[in-house]
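A.B. asks: Mind having a look at this structure? Questions to follow.
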Amino acid sequence: MAAIALGSALYVAASKNLVRSVFMFFVTLFALAGLYVLCLADFVAITQVVVYVGGILVLILFAFMLSGRELLSGLQQQTNRLIAINKLPALMLAVLFFIVLVNIFLKANIDNASWISQSIAQKNVITVTDVTVNGIGVNLMTNYLLPFEAISILLLMALVGAAHLSRKEGEAA
């Protein structure tokens, strides 16, 4: 799953075709959901599929379909060299981030982390037979109902705004 997620994410970043990038982003998000399932985070995996694959990716496809042909042809006409002067800051930032990530990975001693050994000693560990979805569902429908409704209204407003911006000037209101 990790190899699929990394490979498809690299393809998304390197591809010049926008349609293929969007569909490979779909594969990346599903691979991340698979990783969450393997980590026994079933609710996070379901949320990944419903929210990101079902919501965010549909919004990306919607924006892509609503964008004009002039914009898309302008994006494809650009010269796409890997190393250019205008891409130098982004390249340097990516290399520095990679160095920091490798340094953290090499220095981290996950097997002997104090919080992991403390959780094991207190028997505060999630097992395969534990059901966490019920508690999360009750919290989402009681304590966190208002924030979810507010976010859904904001997303609906963004969708209506995108549809309004995509209208042609000559069309009747």
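Residues in the structure tokens are named by chain (A, B, ... in the order shown) and by number from 1 within that chain; ligands are numbered from 1 in the order shown.
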For the contact check between region 92-159 of chain A and region 48-58 of chain A, emit one row per residue of region 92-159 of chain A within 12 Å, containing the shortest atom pair and the distance in Å rounded to one decimal, counting only C-alpha atoms, chain then rising number order, as CSV.

C.D. replies:
residue,atom,partner,partner_atom,distance
A:Phe148,CA,A:Val51,CA,11.7
A:Ile151,CA,A:Val51,CA,11.8
A:Ser152,CA,A:Gly55,CA,10.6
A:Leu155,CA,A:Gly55,CA,9.5
A:Leu156,CA,A:Gly55,CA,11.2
A:Ala158,CA,A:Ile56,CA,11.9
A:Leu159,CA,A:Val58,CA,10.8

A.B. asks: Set the distance at 9 Å and use only C-alpha atoms: which residues neighbour region 28-44 of chain A once local chain neighbours fewer than 5 positions away are removed? I'd like the list as a PyMOL selection string.

C.D. replies: chain A and resi 1-9+12+23+49+52-53+126-128+132-133+136

A.B. asks: From the options A:Ala13, A:Ala63, A:Lys123, A:Leu145, which residue's atoms come nearest to Ala162 (chain A), counting only C-alpha atoms?

C.D. replies: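 Nearest to Ala162 (chain A): A:Ala63.
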
A.B. asks: Identify, with DSSP run on backbone atoms, the residues in chain A assigned to helix (DSSP H, G or I), and express the list as a PyMOL selection string.

C.D. replies: chain A and resi 2-14+18-38+42-66+69-77+85-107+110-112+114-121+133-142+145-166

A.B. asks: Nearest to Thr47 (chain A): which of A:Ala163, A:Leu140, A:Ile116, A:Ala150 is it, counting only C-alpha atoms?

C.D. replies: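 Smallest separation from Thr47 (chain A) among the options: A:Leu140.
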
A.B. asks: If you measure from CA of Ala94 (chain A) to CA of Leu106 (chain A), what distance in Å do you get, rounded to one decimal?

C.D. replies: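 Atom-to-atom, CA of Ala94 (chain A) and CA of Leu106 (chain A) are spaced 18.3 Å apart.
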